[in-house]
Every structure is written in C-alpha cells, then in structure tokens.
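Asker: This structure is in structure tokens; I'll ask about it shortly.
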Amino acid sequence: MKITTHKLALIGFGNVGQGLATIICSKSAELEALGLKVQIVAISDPIKGSIYNPNGLNAELLLETVQSGKTLDTLSAPFTGWSALRTIEEADIDTVVELAYTDLKTGEPALTHMETALRRGLNVITTNKGPIALHYDRLMKLAKENNAHIRVEGTVMSGTPTLLFGLEHLLAAGITKIEGILNGTTNYIITRMMEGKGYSEALREAQELGYAEADPTGDVEGYDAAAKVVILGNLLMKQSLKLQDVAREGISKLTPEDIAKAKEDNECVKLIGRIECSSEGCTAEVRPMKIPISHPLASIQGATNAITYTTDILGEVTLIGPGAGRMETGYAIIADLMAIHKEHSRSTASQLEEEVTL
C-alpha cells in the first residue's frame with residue numbers, strides 16, 4: 001500500500017493539540033496501515049512557543065517539553081519564534097490545524113488563519129466553532145476556489161462523528177429535524193439538579209471538575225449550543241443560518257421547582273438544541289425543554305452529548321458520545337485527516353482512469 005505523508009502545522013498547542021500529538025505517537029502504525037502518515041512539522045502557540053522543522057518534529061518530545069513547563073522554542077529546530085501567520089504563509093505543509101480560542105462575535109483570529117491557509121491552497125481542519133458558525137459559506141467558497149479542503153468534525157460533539165455521520169450516511173435519508181444535547185457542561189448541571197442540587201451548587205461543582213469555565217456564560221446561557229445548531233443546520237440541512245437566527249434561552253433561570261414538576265409529569269428537563277425544516281421553512285432554537293422519559297435523549301446523563309436525527313426514511317437515529325476531551329477532540333482531527341486522505345485517493349484514482357481511457 002502506498003503511504004501518503006500529511007504535513008501539519010498546528011496553530012495552538014493546548015489540550016486538543018496535545019491530544020492530537022498523543023494519538024500520533026500511539027497510533028502511528030494503525031494510521032500507516034490505512035495509508036496515512038501524519039507528521040507535525042510546525043506549531044505556533046502564543047504561550048507554549050513556536051517551532052518549525054521542514055523534516056518533521058518528534059511528537060513525543062513536543063509533549064514532554066510542554067508538560068514539563070518549558071516552551072517549544074527551547075528545542076533545537078531550524079526555525080523558532082514564528083507567528084501563526086508566518087507559519088501558515090511560509091512553512092512547507094499540506095494542512096493547517098486551527099486550534100485557536102473560539103470567538104463567537106468575529107471568529108478571529110481563527111478566521112484570518114483559515115483564510116490565509118486556504119488562499120495558499122492548504123487544507124484546513126478546525127475544532128473552532130467561531131469561524132464555522134459565523135463564516136462557513138465564505139470559507140467553503142475560498143476552499144473551492146483554491147482546490148483545498150476544509151473539515152470541521154470537531155466543532156460539534158468532539159470526536160463523536162456527528163457531522164461525518166450526517167453527511168456521509170443520512171443525507172439521502174432526508175433529514176427533517178436535528179435535536180440534541182450539545183453542551184456537556186449544562187447537561188452535567190441539569191443531571192445534578194435532577195439529583196437534588198440547586199443550580200448554583202451544581203454549577204460550582206461543574207467548575208471544580210473542569211467542565212465549566214470560571215465565566216460559564218457561553219455554556220449556561222446557550223451560546224455554545226446555538227453555535228453548534230448553526231453548524232448542523234448549515235452543513236446537514238443546507239441552510240444559511242446566523243447565530244441571531246437561533247432563538248436562545250439558557251439554564252441559569254432553571255429552578256428545583258421546574259425539575260420537580262417535570263418529574264411529576266414523567267418527564268425530564270434537558271437543554272436541547274434543535275433545528276426543524278419543512279416546506280413552510282426552518283426553525284432553530286436552544287432552550288431548556290421538558291421531554292418524555294421515553295425520549296432517546298432523556299437517559300443522557302452527566303457531561304455526555306447526544307443527537308437525534310429525524311429522517312424521512314429511517315425515522316429517528318440517535319448518536320451518543322463524548323462532547324469534549326483532549327483525546328476525543330484530537331481524534332476528530334484524525335477523522336478529518338482520514339476523510340481528506342480518502343478524497344485525495346479517489347481523486348487520484350479518477351485521474352489515472354481518465355489517463356488510461358485517453
């Protein structure tokens with residue numbers, strides 16, 4: 001089997017980047033058995049440092065360095081200290097893995113990183129919701145113009161193959177509605193409230209466990225889930241949604257009385273992100289909803305995520321899996337790399353067929 005090397009530049013080397021590096025260290029043999037050699041050649045991180053070696057970097061050494069508290073530019077390499085943009089513009093790479101922080105107001109700085117890469121004809125893989133929720137059409141147009149790929153599996157439900165499953169297996173089934181538990185932090189809080197905790201106590205517990213940020217607004221007020229609804233609607237239901245099109249209500253006003261009333265009615269409360277389309281149009285929303293105990297999403301506890309696709313042919317199909325985590329989200333990048341690899345392989349095979357025919 002022919003093995004193709006994919007040279008990556010990582011823009012950001014936090015939890016997700018380190019999860020990816022760990023997978024590259026531990027699963028290189030399995031990936032090569034699929035014809036895929038993944039090589040990190042450059043990293044640019046404003047805190048952990050920047051390093052570039054055209055011949056490749058040792059992923060294990062990268063991990064040891066940052067986990068010991070040192071910066072990457074303390075390692076020996078031909079180039080260090082490059083900015084993110086210089087790395088994207090000058091490094092000898094195939095794919096930019098954009099892992100900068102999420103900004104749901106402008107999508108920056110990730111948007112500029114992605115646009116710069118696509119203009120160079122580089123593939124882009126991201127787990128960053130901001131630019132995808134805000135500017136997906138614009139980025140896709142740029143990718144097509146420059147014969148590049150953009151893949152975004154990790155923006156929804158981490159490594160659980162939510163988008164790939166919908167795009168590759170369910171589109172012909174006719175998706176009419178998508179609804180899910182798309183934020184693990186809020187589902188953890190609601191689970192603890194169902195067990196008798198108050199909202200403030202459950203939130204504090206989630207923060208102590210690392211599920212919720214010091215400022216939990218993005219999660220508890222539904223912004224994170226709303227961004228994922230936009231991505232699902234635009235990719236799987238061919239809409240042109242904006243964040244402002246999603247009716248949004250968080251869980252900060254949820255009370256023990258709301259929880260108790262749901263239990264009395266043989267229901268439970270979940271923060272649900274939903275988009276539903278018909279001949280009359282589409283509605284998109286995120287809000288706490290009472291759902292029957294028999295509903296597929298009712299049994300989802302803790303920080304787990306789940307999504308139910310309603311289709312014309314198959315009815316309801318539910319996918320359950322992790323919605324966060326360094327290894328889980330790192331795997332989403334691997335899944336996207338494999339998808340790009342398959343597309344390249346099909347394209348090459350098609351070109352060879354044409355040449356033989358001629």
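Following the order of the structure tokens, chains are lettered A, B, ..., residues in each are numbered from 1, and ligands are numbered from 1.
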For range 1-3 of chain A, work out the shell of residues within 12 Å, counting only C-alpha atoms and skipping chain neighbours fewer than 2 positions away, then give it as a list in words.
Answerer: Thr5, His6, Ser28, Ala29, Glu30, Leu31, Glu32, Ala33, Leu34, Gly35, Leu36, Lys37, Val38, His341 and Ser345 of chain A
Asker: Env of Thr311 in chain A: 7 Å cut, atoms = only C-alpha atoms, seq-sep filter 6 positions within chain, self excluded. Answer as a list in words.
Answerer: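 Here the answer would be Ala173, Gly174, Ile175 and Thr176 of chain A.
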Asker: Quick one: write out the picked residues with N, CA and C atoms as an mmCIF file, in the first residue's frame?
Answerer:
```cif
data_model
loop_
_atom_site.group_PDB
_atom_site.id
_atom_site.type_symbol
_atom_site.label_atom_id
_atom_site.label_comp_id
_atom_site.auth_asym_id
_atom_site.auth_seq_id
_atom_site.Cartn_x
_atom_site.Cartn_y
_atom_site.Cartn_z
ATOM 1 N N ALA A 173 -31.295 9.980 3.341
ATOM 2 C CA ALA A 173 -32.462 9.553 4.121
ATOM 3 C C ALA A 173 -33.438 10.690 4.341
ATOM 4 N N GLY A 174 -33.021 11.925 4.022
ATOM 5 C CA GLY A 174 -33.907 13.081 4.150
ATOM 6 C C GLY A 174 -34.033 13.570 5.587
ATOM 7 N N ILE A 175 -33.019 14.297 6.065
ATOM 8 C CA ILE A 175 -33.059 14.815 7.439
ATOM 9 C C ILE A 175 -34.053 15.971 7.516
ATOM 10 N N THR A 176 -35.036 15.845 8.393
ATOM 11 C CA THR A 176 -36.042 16.896 8.559
ATOM 12 C C THR A 176 -35.904 17.632 9.892
#
```
Asker: Need the shell around Asn55 in chain A: protein/DNA/RNA residues with any atom at most 12 Å away, counting only C-alpha atoms. Skip same-chain ones fewer than 6 positions apart. Format as number ranges by chain?
Answerer: A: 5-8, 39-42, 77-79, 91-93
Asker: Just the alpha helix (DSSP H) stuff from range 172-297 of chain A, please, per backbone DSSP, written as a compact mmCIF listing (two decimals) with all heavy atoms, in the first residue's frame.
Answerer:
```txt
# COMPACT_ATOMS: atom_id res chain seq x y z
N GLY A 184 -22.02 19.58 27.16
CA GLY A 184 -21.86 18.68 28.29
C GLY A 184 -21.93 19.38 29.63
O GLY A 184 -22.41 18.82 30.62
N THR A 185 -21.48 20.64 29.69
CA THR A 185 -21.49 21.38 30.95
C THR A 185 -22.91 21.53 31.48
O THR A 185 -23.20 21.25 32.64
CB THR A 185 -20.85 22.77 30.76
OG1 THR A 185 -19.51 22.60 30.32
CG2 THR A 185 -20.88 23.57 32.05
N THR A 186 -23.80 22.00 30.60
CA THR A 186 -25.19 22.22 31.03
C THR A 186 -25.88 20.90 31.34
O THR A 186 -26.71 20.83 32.25
CB THR A 186 -25.98 23.00 29.98
OG1 THR A 186 -25.78 22.38 28.69
CG2 THR A 186 -25.51 24.44 29.90
N ASN A 187 -25.56 19.85 30.60
CA ASN A 187 -26.20 18.56 30.89
C ASN A 187 -25.73 18.02 32.23
O ASN A 187 -26.52 17.42 32.97
CB ASN A 187 -25.90 17.55 29.78
CG ASN A 187 -26.91 16.42 29.80
OD1 ASN A 187 -28.11 16.65 29.70
ND2 ASN A 187 -26.44 15.19 29.94
N TYR A 188 -24.47 18.26 32.57
CA TYR A 188 -23.98 17.85 33.90
C TYR A 188 -24.74 18.61 35.00
O TYR A 188 -25.18 18.01 35.99
CB TYR A 188 -22.48 18.11 34.02
CG TYR A 188 -21.96 17.77 35.39
CD1 TYR A 188 -21.60 16.46 35.71
CD2 TYR A 188 -21.87 18.74 36.39
CE1 TYR A 188 -21.16 16.13 36.98
CE2 TYR A 188 -21.43 18.43 37.67
CZ TYR A 188 -21.07 17.12 37.96
OH TYR A 188 -20.65 16.80 39.23
N ILE A 189 -24.88 19.92 34.82
CA ILE A 189 -25.56 20.74 35.83
C ILE A 189 -27.00 20.27 36.00
O ILE A 189 -27.50 20.10 37.13
CB ILE A 189 -25.51 22.23 35.43
CG1 ILE A 189 -24.07 22.75 35.52
CG2 ILE A 189 -26.43 23.07 36.32
CD1 ILE A 189 -23.86 24.13 34.92
N ILE A 190 -27.70 20.04 34.88
CA ILE A 190 -29.10 19.60 34.97
C ILE A 190 -29.19 18.21 35.62
O ILE A 190 -30.09 17.95 36.42
CB ILE A 190 -29.75 19.61 33.58
CG1 ILE A 190 -29.90 21.05 33.09
CG2 ILE A 190 -31.12 18.92 33.61
CD1 ILE A 190 -30.38 21.17 31.64
N THR A 191 -28.26 17.33 35.29
CA THR A 191 -28.25 16.00 35.90
C THR A 191 -28.14 16.11 37.42
O THR A 191 -28.87 15.43 38.16
CB THR A 191 -27.08 15.17 35.35
OG1 THR A 191 -27.24 14.97 33.95
CG2 THR A 191 -27.00 13.80 36.03
N ARG A 192 -27.25 16.98 37.89
CA ARG A 192 -27.09 17.14 39.34
C ARG A 192 -28.32 17.79 39.96
O ARG A 192 -28.70 17.46 41.09
CB ARG A 192 -25.84 17.98 39.63
CG ARG A 192 -24.55 17.33 39.18
CD ARG A 192 -24.30 16.01 39.91
NE ARG A 192 -23.81 16.24 41.26
CZ ARG A 192 -24.08 15.45 42.30
NH1 ARG A 192 -24.89 14.41 42.15
NH2 ARG A 192 -23.58 15.72 43.49
N MET A 193 -28.98 18.69 39.22
CA MET A 193 -30.22 19.28 39.74
C MET A 193 -31.33 18.23 39.82
O MET A 193 -32.14 18.24 40.76
CB MET A 193 -30.66 20.45 38.84
CG MET A 193 -29.73 21.67 38.94
SD MET A 193 -30.25 23.04 37.87
CE MET A 193 -31.70 23.63 38.79
N MET A 194 -31.36 17.31 38.87
CA MET A 194 -32.33 16.21 38.92
C MET A 194 -32.09 15.34 40.17
O MET A 194 -33.00 14.69 40.67
CB MET A 194 -32.24 15.36 37.66
CG MET A 194 -32.65 16.05 36.38
SD MET A 194 -34.44 16.25 36.18
CE MET A 194 -34.97 14.58 35.87
N TYR A 199 -29.16 25.06 41.44
CA TYR A 199 -28.39 25.47 40.26
C TYR A 199 -27.00 25.96 40.63
O TYR A 199 -26.00 25.53 40.04
CB TYR A 199 -29.15 26.57 39.50
CG TYR A 199 -28.31 27.21 38.42
CD1 TYR A 199 -28.10 26.56 37.21
CD2 TYR A 199 -27.70 28.46 38.62
CE1 TYR A 199 -27.30 27.14 36.21
CE2 TYR A 199 -26.92 29.04 37.64
CZ TYR A 199 -26.71 28.38 36.44
OH TYR A 199 -25.92 28.95 35.48
N SER A 200 -26.88 26.84 41.61
CA SER A 200 -25.58 27.43 41.97
C SER A 200 -24.61 26.36 42.46
O SER A 200 -23.42 26.37 42.11
CB SER A 200 -25.77 28.49 43.05
OG SER A 200 -26.54 29.56 42.56
N GLU A 201 -25.13 25.43 43.25
CA GLU A 201 -24.27 24.36 43.77
C GLU A 201 -23.79 23.45 42.64
O GLU A 201 -22.62 23.05 42.58
CB GLU A 201 -25.04 23.55 44.82
CG GLU A 201 -24.19 22.49 45.52
CD GLU A 201 -24.98 21.69 46.55
OE1 GLU A 201 -26.20 21.96 46.72
OE2 GLU A 201 -24.38 20.79 47.16
N ALA A 202 -24.71 23.13 41.72
CA ALA A 202 -24.35 22.25 40.60
C ALA A 202 -23.34 22.94 39.67
O ALA A 202 -22.40 22.29 39.18
CB ALA A 202 -25.60 21.87 39.81
N LEU A 203 -23.51 24.25 39.46
CA LEU A 203 -22.57 24.99 38.64
C LEU A 203 -21.19 25.02 39.29
O LEU A 203 -20.17 24.80 38.62
CB LEU A 203 -23.07 26.42 38.42
CG LEU A 203 -22.07 27.39 37.75
CD1 LEU A 203 -21.63 26.89 36.39
CD2 LEU A 203 -22.69 28.79 37.64
N ARG A 204 -21.14 25.27 40.58
CA ARG A 204 -19.86 25.32 41.30
C ARG A 204 -19.15 23.96 41.20
O ARG A 204 -17.93 23.89 40.97
CB ARG A 204 -20.08 25.70 42.76
CG ARG A 204 -18.80 25.87 43.56
CD ARG A 204 -19.06 26.55 44.89
NE ARG A 204 -19.98 25.78 45.72
CZ ARG A 204 -21.24 26.15 45.97
NH1 ARG A 204 -21.73 27.28 45.44
NH2 ARG A 204 -22.03 25.42 46.74
N GLU A 205 -19.92 22.90 41.31
CA GLU A 205 -19.36 21.55 41.19
C GLU A 205 -18.78 21.33 39.78
O GLU A 205 -17.69 20.76 39.62
CB GLU A 205 -20.47 20.53 41.47
CG GLU A 205 -19.99 19.15 41.84
CD GLU A 205 -21.17 18.27 42.22
OE1 GLU A 205 -21.58 18.30 43.40
OE2 GLU A 205 -21.67 17.55 41.34
N ALA A 206 -19.52 21.79 38.77
CA ALA A 206 -19.05 21.64 37.38
C ALA A 206 -17.76 22.42 37.16
O ALA A 206 -16.86 21.96 36.44
CB ALA A 206 -20.13 22.14 36.42
N GLN A 207 -17.64 23.57 37.79
CA GLN A 207 -16.40 24.37 37.67
C GLN A 207 -15.24 23.67 38.36
O GLN A 207 -14.12 23.63 37.83
CB GLN A 207 -16.63 25.76 38.25
CG GLN A 207 -17.54 26.63 37.40
CD GLN A 207 -17.94 27.93 38.08
OE1 GLN A 207 -18.21 27.95 39.29
NE2 GLN A 207 -17.98 29.01 37.32
N GLU A 208 -15.50 23.08 39.52
CA GLU A 208 -14.45 22.38 40.25
C GLU A 208 -13.93 21.17 39.47
O GLU A 208 -12.75 20.82 39.54
CB GLU A 208 -14.97 21.94 41.63
CG GLU A 208 -15.18 23.10 42.60
CD GLU A 208 -15.93 22.70 43.86
OE1 GLU A 208 -16.36 21.51 43.93
OE2 GLU A 208 -16.09 23.54 44.75
N THR A 217 -20.71 31.73 31.09
CA THR A 217 -21.80 32.31 30.30
C THR A 217 -22.01 31.60 28.97
O THR A 217 -23.14 31.30 28.58
CB THR A 217 -21.54 33.81 30.04
OG1 THR A 217 -21.35 34.47 31.29
CG2 THR A 217 -22.72 34.44 29.30
N GLY A 218 -20.93 31.32 28.26
CA GLY A 218 -21.06 30.71 26.94
C GLY A 218 -21.82 29.39 26.98
O GLY A 218 -22.58 29.07 26.06
N ASP A 219 -21.61 28.63 28.06
CA ASP A 219 -22.29 27.35 28.21
C ASP A 219 -23.71 27.53 28.76
O ASP A 219 -24.68 27.11 28.14
CB ASP A 219 -21.50 26.43 29.15
CG ASP A 219 -20.18 25.98 28.54
OD1 ASP A 219 -20.14 25.74 27.32
OD2 ASP A 219 -19.20 25.86 29.30
N VAL A 220 -23.82 28.15 29.94
CA VAL A 220 -25.10 28.13 30.64
C VAL A 220 -26.15 29.02 29.99
O VAL A 220 -27.36 28.81 30.20
CB VAL A 220 -24.93 28.51 32.13
CG1 VAL A 220 -24.00 27.52 32.83
CG2 VAL A 220 -24.44 29.94 32.30
N TYR A 223 -25.03 29.90 24.36
CA TYR A 223 -24.31 30.39 23.17
C TYR A 223 -23.55 29.26 22.47
O TYR A 223 -23.54 29.17 21.23
CB TYR A 223 -23.33 31.51 23.56
CG TYR A 223 -24.02 32.79 23.98
CD1 TYR A 223 -24.13 33.12 25.33
CD2 TYR A 223 -24.55 33.66 23.04
CE1 TYR A 223 -24.75 34.30 25.74
CE2 TYR A 223 -25.17 34.85 23.44
CZ TYR A 223 -25.27 35.15 24.78
OH TYR A 223 -25.90 36.31 25.18
N ASP A 224 -22.89 28.42 23.25
CA ASP A 224 -22.13 27.30 22.68
C ASP A 224 -23.06 26.37 21.90
O ASP A 224 -22.76 25.99 20.75
CB ASP A 224 -21.43 26.54 23.80
CG ASP A 224 -20.70 25.30 23.30
OD1 ASP A 224 -19.62 25.45 22.72
OD2 ASP A 224 -21.23 24.19 23.49
N ALA A 225 -24.17 26.00 22.50
CA ALA A 225 -25.11 25.11 21.81
C ALA A 225 -25.71 25.77 20.58
O ALA A 225 -25.93 25.12 19.55
CB ALA A 225 -26.22 24.69 22.79
N ALA A 226 -25.97 27.08 20.65
CA ALA A 226 -26.53 27.79 19.50
C ALA A 226 -25.57 27.78 18.32
O ALA A 226 -25.98 27.60 17.16
CB ALA A 226 -26.87 29.23 19.89
N ALA A 227 -24.27 27.95 18.59
CA ALA A 227 -23.28 27.89 17.51
C ALA A 227 -23.29 26.51 16.84
O ALA A 227 -23.18 26.40 15.61
CB ALA A 227 -21.89 28.20 18.07
N LYS A 228 -23.45 25.48 17.64
CA LYS A 228 -23.49 24.12 17.09
C LYS A 228 -24.76 23.88 16.28
O LYS A 228 -24.74 23.17 15.26
CB LYS A 228 -23.36 23.11 18.22
CG LYS A 228 -21.98 23.16 18.88
CD LYS A 228 -21.91 22.34 20.16
CE LYS A 228 -20.55 22.49 20.82
NZ LYS A 228 -20.45 21.81 22.13
N VAL A 229 -25.87 24.46 16.70
CA VAL A 229 -27.11 24.37 15.92
C VAL A 229 -26.92 25.01 14.55
O VAL A 229 -27.36 24.48 13.51
CB VAL A 229 -28.29 25.03 16.67
CG1 VAL A 229 -29.50 25.22 15.75
CG2 VAL A 229 -28.69 24.18 17.87
N VAL A 230 -26.25 26.17 14.53
CA VAL A 230 -25.98 26.85 13.25
C VAL A 230 -25.14 25.95 12.35
O VAL A 230 -25.44 25.78 11.15
CB VAL A 230 -25.25 28.19 13.50
CG1 VAL A 230 -24.72 28.77 12.19
CG2 VAL A 230 -26.19 29.18 14.16
N ILE A 231 -24.10 25.34 12.90
CA ILE A 231 -23.23 24.47 12.11
C ILE A 231 -24.01 23.27 11.58
O ILE A 231 -23.91 22.91 10.40
CB ILE A 231 -22.01 24.03 12.95
CG1 ILE A 231 -21.12 25.24 13.25
CG2 ILE A 231 -21.21 22.96 12.22
CD1 ILE A 231 -20.04 24.99 14.30
N LEU A 232 -24.81 22.64 12.42
CA LEU A 232 -25.61 21.49 11.99
C LEU A 232 -26.59 21.88 10.90
O LEU A 232 -26.74 21.17 9.89
CB LEU A 232 -26.37 20.91 13.19
CG LEU A 232 -25.53 20.15 14.22
CD1 LEU A 232 -26.30 19.98 15.52
CD2 LEU A 232 -25.10 18.79 13.68
N GLY A 233 -27.26 23.00 11.08
CA GLY A 233 -28.24 23.43 10.09
C GLY A 233 -27.62 23.76 8.76
O GLY A 233 -28.14 23.39 7.70
N ASN A 234 -26.48 24.43 8.80
CA ASN A 234 -25.83 24.85 7.55
C ASN A 234 -25.17 23.69 6.81
O ASN A 234 -25.23 23.62 5.58
CB ASN A 234 -24.82 25.96 7.83
CG ASN A 234 -25.49 27.25 8.25
OD1 ASN A 234 -26.70 27.40 8.14
ND2 ASN A 234 -24.71 28.19 8.74
N LEU A 235 -24.56 22.77 7.54
CA LEU A 235 -23.87 21.66 6.88
C LEU A 235 -24.81 20.52 6.49
O LEU A 235 -24.69 19.97 5.40
CB LEU A 235 -22.76 21.11 7.77
CG LEU A 235 -21.38 21.77 7.61
CD1 LEU A 235 -21.40 23.21 8.09
CD2 LEU A 235 -20.30 20.98 8.34
N LEU A 236 -25.73 20.18 7.38
CA LEU A 236 -26.55 18.98 7.15
C LEU A 236 -27.92 19.28 6.55
O LEU A 236 -28.54 18.39 5.98
CB LEU A 236 -26.73 18.21 8.45
CG LEU A 236 -25.46 17.73 9.14
CD1 LEU A 236 -25.80 16.84 10.33
CD2 LEU A 236 -24.54 17.00 8.18
N PRO A 256 -35.31 24.33 41.03
CA PRO A 256 -35.67 22.99 41.51
C PRO A 256 -37.16 22.68 41.28
O PRO A 256 -37.53 21.52 41.06
CB PRO A 256 -35.34 23.05 43.00
CG PRO A 256 -34.26 24.09 43.10
CD PRO A 256 -34.60 25.12 42.06
N GLU A 257 -37.98 23.75 41.31
CA GLU A 257 -39.41 23.54 41.08
C GLU A 257 -39.67 23.08 39.63
O GLU A 257 -40.54 22.23 39.39
CB GLU A 257 -40.18 24.84 41.35
CG GLU A 257 -40.26 25.23 42.83
CD GLU A 257 -38.95 25.77 43.38
OE1 GLU A 257 -38.12 26.28 42.57
OE2 GLU A 257 -38.74 25.66 44.61
N ASP A 258 -38.93 23.64 38.67
CA ASP A 258 -39.06 23.20 37.28
C ASP A 258 -38.71 21.72 37.15
O ASP A 258 -39.39 20.97 36.45
CB ASP A 258 -38.12 24.02 36.37
CG ASP A 258 -38.47 25.49 36.34
OD1 ASP A 258 -39.67 25.83 36.41
OD2 ASP A 258 -37.53 26.31 36.23
N ILE A 259 -37.64 21.33 37.83
CA ILE A 259 -37.18 19.94 37.78
C ILE A 259 -38.23 19.02 38.41
O ILE A 259 -38.58 17.96 37.87
CB ILE A 259 -35.84 19.78 38.52
CG1 ILE A 259 -34.76 20.67 37.89
CG2 ILE A 259 -35.42 18.32 38.56
CD1 ILE A 259 -34.34 20.28 36.51
N ALA A 260 -38.75 19.44 39.58
CA ALA A 260 -39.73 18.62 40.29
C ALA A 260 -41.01 18.47 39.48
O ALA A 260 -41.60 17.38 39.43
CB ALA A 260 -40.04 19.25 41.66
N LYS A 261 -41.46 19.55 38.84
CA LYS A 261 -42.68 19.49 38.03
C LYS A 261 -42.51 18.52 36.86
O LYS A 261 -43.42 17.74 36.53
CB LYS A 261 -43.01 20.89 37.51
CG LYS A 261 -44.30 20.94 36.68
CD LYS A 261 -45.52 20.61 37.54
CE LYS A 261 -46.84 20.89 36.83
NZ LYS A 261 -47.05 20.05 35.64
N ALA A 262 -41.33 18.54 36.24
CA ALA A 262 -41.07 17.62 35.13
C ALA A 262 -41.14 16.17 35.62
O ALA A 262 -41.73 15.30 34.96
CB ALA A 262 -39.71 17.91 34.52
N LYS A 263 -40.56 15.90 36.79
CA LYS A 263 -40.60 14.54 37.33
C LYS A 263 -42.03 14.09 37.59
O LYS A 263 -42.39 12.94 37.31
CB LYS A 263 -39.79 14.49 38.64
CG LYS A 263 -38.28 14.50 38.45
CD LYS A 263 -37.59 14.34 39.80
CE LYS A 263 -36.08 14.27 39.65
NZ LYS A 263 -35.39 14.12 40.95
N GLU A 264 -42.84 15.00 38.12
CA GLU A 264 -44.25 14.67 38.39
C GLU A 264 -44.99 14.27 37.11
O GLU A 264 -45.87 13.42 37.12
CB GLU A 264 -44.97 15.87 39.02
CG GLU A 264 -44.61 16.14 40.46
CD GLU A 264 -45.27 17.42 40.97
OE1 GLU A 264 -46.20 17.93 40.28
OE2 GLU A 264 -44.86 17.91 42.03
```
Asker: Show me, as a list in words, the residues that have an atom within 10 Å of Ser294 in chain A when counting only C-alpha atoms, minus same-chain residues fewer than 4 positions from it.
Answerer: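 Once the adjacent positions are removed, what remains is Asn266, Glu267, Cys268, Ala298 and Ser299 of chain A.
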Asker: So that I can see what lies close to range 98-105 of chain A, please list as a ChimeraX atom specification the residues with an atom at most 10 Å from it, counting only C-alpha atoms and leaving out residues fewer than 6 positions away in the same chain.
Answerer: /A:9-17,44-46,84,111,113-114,117,124-134,218,223-224,227,243
Asker: When you draw a straight line from CA of Gly323 in chain A to CA of Val152 in chain A, how long is it in Å?
Answerer: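 Answer for the CA of Gly323 in chain A to CA of Val152 in chain A separation: 14.1 Å.
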Asker: Return as a VMD selection string the full set of residues in range 123-356 of chain A whose backbone-based DSSP assignment is strand (DSSP E or B).
Answerer: chain A and resid 123 to 126 150 to 151 175 to 181 247 to 248 267 to 278 281 to 292 304 to 311 315 to 322
Asker: For Lys144 in chain A, which residue among A:Leu118, A:Val286, A:Leu182, A:Ile334 is the nearest when counting only C-alpha atoms?
Answerer: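 Among A:Leu118, A:Val286, A:Leu182, A:Ile334, it is A:Leu118 that comes nearest to Lys144 in chain A.
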